[in-house]
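Read through the structure below, which is laid out as structure tokens, and then see the notes.
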Amino acid sequence: MNKLKVLLIVKKNDKYSDQLINFLKLKKINLKYLFTEDKNTKLFKKCLNKWSGDLLFSFRNRYIFKKKFLKNNIKIAAINFHSGTPEYRGVGCANYAIFEKKKTYGVTAHLIDEKIDSGKILKVRRFKIHKSWNLNKLLEKTHRELLILSKNIIKLFCKNNKKI
């Protein structure tokens with residue numbers, strides 16, 4: 001069986017992104033990763049558009065993928081690991097949860113389509129927000145939970161090696 005060809009888009013200088021890279025390096029896959037802070041450079045776009053393979057994992061990434069890229073370059077699935085629940089699309093979600101005094105928050109894994117955070121939901125992981133938490137505490141918990149969710153979803157895809 002051929003190795004899965006995987007592209008991981010992550011945040012540069014981020015301990016959770018580094019942990020996810022190391023987790024994926026242990027898998028029997030052909031891994032390439034790009035950092036989101038390079039997204040506006042010609043090199044990032046050139047590397048991205050040149051790549052094609054089986055799976056794309058987007059972790060703590062703000063880059064919006066073009067429909068043409070998703071259709072032409074991904075064989076199995078493109079998955080976004082989003083730092084928020086389905087009620088909170090886009091960025092800054094934790095701010096809204098605190099402002100709205102929500103009791104729970106969470107993270108979401110969903111398929112990527114051409115709209116922001118609107119693809120088919122694969123899994124949501126929720127947790128309680130403690131009254132004493134500020135934004136930094138909520139973000140720390142969110143990023144830990146996102147890493148756990150990401151690893152669980154990636155294990156499934158690497159094991160099953162099939163299209164959803």
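Labels for the structure tokens follow display order: chains A, B, ..., residues from 1 in each chain, ligands from 1.
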
Discussion item. Would you pick out the contacts of region 13-20 of chain A at 10 Å or less, using only C-alpha atoms, so that residues sharing its chain but fewer than 5 positions from it are not included, and give the list as JSON, numbers by chain?
Written reply: {"A": [8, 25, 35, 37, 59, 60, 61, 140, 143, 144, 146, 147, 148, 150, 151, 154]}

Item to complete: Write out as a count of residues only which residues come within 12 Å of region 107-110 of chain A when counting only C-alpha atoms, dropping same-chain ones fewer than 3 positions away.
Response: 54

Item to complete: Mind listing the helix (DSSP H, G or I) residues of chain A, per DSSP on the backbone, as a VMD selection string?
Response: chain A and resid 15 to 25 36 to 38 42 to 50 67 to 73 93 to 99 135 to 160

Write the residues of the preceding selection, restricted to C-alpha atoms, as a tab-separated table (two decimals), in the first residue's frame.
```
chain	number	residue	atom	x	y	z
A	15	LYS	CA	3.80	24.73	20.73
A	16	TYR	CA	0.56	22.97	19.73
A	17	SER	CA	1.41	23.13	16.05
A	18	ASP	CA	4.86	21.73	16.85
A	19	GLN	CA	3.27	18.87	18.80
A	20	LEU	CA	0.97	18.07	15.89
A	21	ILE	CA	3.89	18.07	13.46
A	22	ASN	CA	5.78	15.65	15.71
A	23	PHE	CA	2.68	13.45	16.05
A	24	LEU	CA	2.33	13.25	12.27
A	25	LYS	CA	6.02	12.55	11.77
A	36	THR	CA	0.51	30.14	7.97
A	37	GLU	CA	2.70	33.15	8.68
A	38	ASP	CA	4.23	32.51	5.26
A	42	LYS	CA	5.01	33.87	-3.13
A	43	LEU	CA	6.86	30.83	-1.81
A	44	PHE	CA	3.91	29.73	0.35
A	45	LYS	CA	1.44	30.06	-2.50
A	46	LYS	CA	3.82	28.35	-4.91
A	47	CYS	CA	4.36	25.41	-2.52
A	48	LEU	CA	0.65	25.17	-1.80
A	49	ASN	CA	-0.47	25.24	-5.41
A	50	LYS	CA	2.24	22.79	-6.47
A	67	LYS	CA	-12.40	25.94	-4.42
A	68	LYS	CA	-10.25	25.05	-7.45
A	69	PHE	CA	-7.34	23.99	-5.20
A	70	LEU	CA	-9.59	21.82	-3.02
A	71	LYS	CA	-11.20	20.16	-6.04
A	72	ASN	CA	-8.02	19.57	-8.04
A	73	ASN	CA	-5.39	18.88	-5.38
A	93	CYS	CA	-14.52	33.10	18.65
A	94	ALA	CA	-13.28	32.79	22.23
A	95	ASN	CA	-13.76	36.54	22.69
A	96	TYR	CA	-17.44	36.18	21.84
A	97	ALA	CA	-17.89	33.23	24.18
A	98	ILE	CA	-16.49	35.27	27.08
A	99	PHE	CA	-18.43	38.41	26.13
A	135	LEU	CA	-9.38	35.03	27.61
A	136	ASN	CA	-5.85	33.59	28.00
A	137	LYS	CA	-7.10	30.68	30.15
A	138	LEU	CA	-9.89	29.93	27.69
A	139	LEU	CA	-7.50	30.01	24.73
A	140	GLU	CA	-5.01	27.72	26.48
A	141	LYS	CA	-7.76	25.17	27.18
A	142	THR	CA	-9.10	25.59	23.63
A	143	HIS	CA	-5.72	24.91	22.02
A	144	ARG	CA	-5.12	21.82	24.20
A	145	GLU	CA	-8.55	20.46	23.28
A	146	LEU	CA	-7.97	21.26	19.61
A	147	LEU	CA	-4.76	19.24	19.65
A	148	ILE	CA	-6.58	16.25	21.21
A	149	LEU	CA	-9.41	16.47	18.66
A	150	SER	CA	-6.94	16.80	15.78
A	151	LYS	CA	-4.96	13.74	16.82
A	152	ASN	CA	-8.14	11.66	17.15
A	153	ILE	CA	-9.45	12.66	13.72
A	154	ILE	CA	-6.05	12.20	12.07
A	155	LYS	CA	-5.75	8.69	13.54
A	156	LEU	CA	-9.08	7.78	11.95
A	157	PHE	CA	-8.14	9.10	8.54
A	158	CYS	CA	-4.69	7.53	8.55
A	159	LYS	CA	-6.19	4.21	9.64
A	160	ASN	CA	-9.14	4.15	7.24
```

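Coordinates place CA of Gly53 (chain A) at a distance of 21.8 Å from CA of Thr41 (chain A).
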
Worksheet entry | Secondary structure check, strand (DSSP E) residues of chain A, as a PyMOL selection string | chain A and resi 4-10+29-35+53-59+74-82+104-111+121-128

Discussion item. Between CA of Val91 (chain A) and CA of Val10 (chain A), what is the distance in Å, rounded to a tenth?
Written reply: 15.0 Å

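The coordinates place CA of Gly106 (chain A) at 21.5 Å from CA of Ile64 (chain A).
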
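Restricting the calculation to only C-alpha atoms, the smallest distance between Asn30 (chain A) and any of A:Ile9, A:Leu4, A:Leu55, A:Ile112 is found for A:Leu4.
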
Worksheet item: Using only C-alpha atoms, which of the listed residues (A:Glu114, A:Leu26, A:Lys75, A:Lys101) sits closest to Trp133 (chain A)?
Response: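 Counting only C-alpha atoms, the residue closest to Trp133 (chain A) is A:Lys101.
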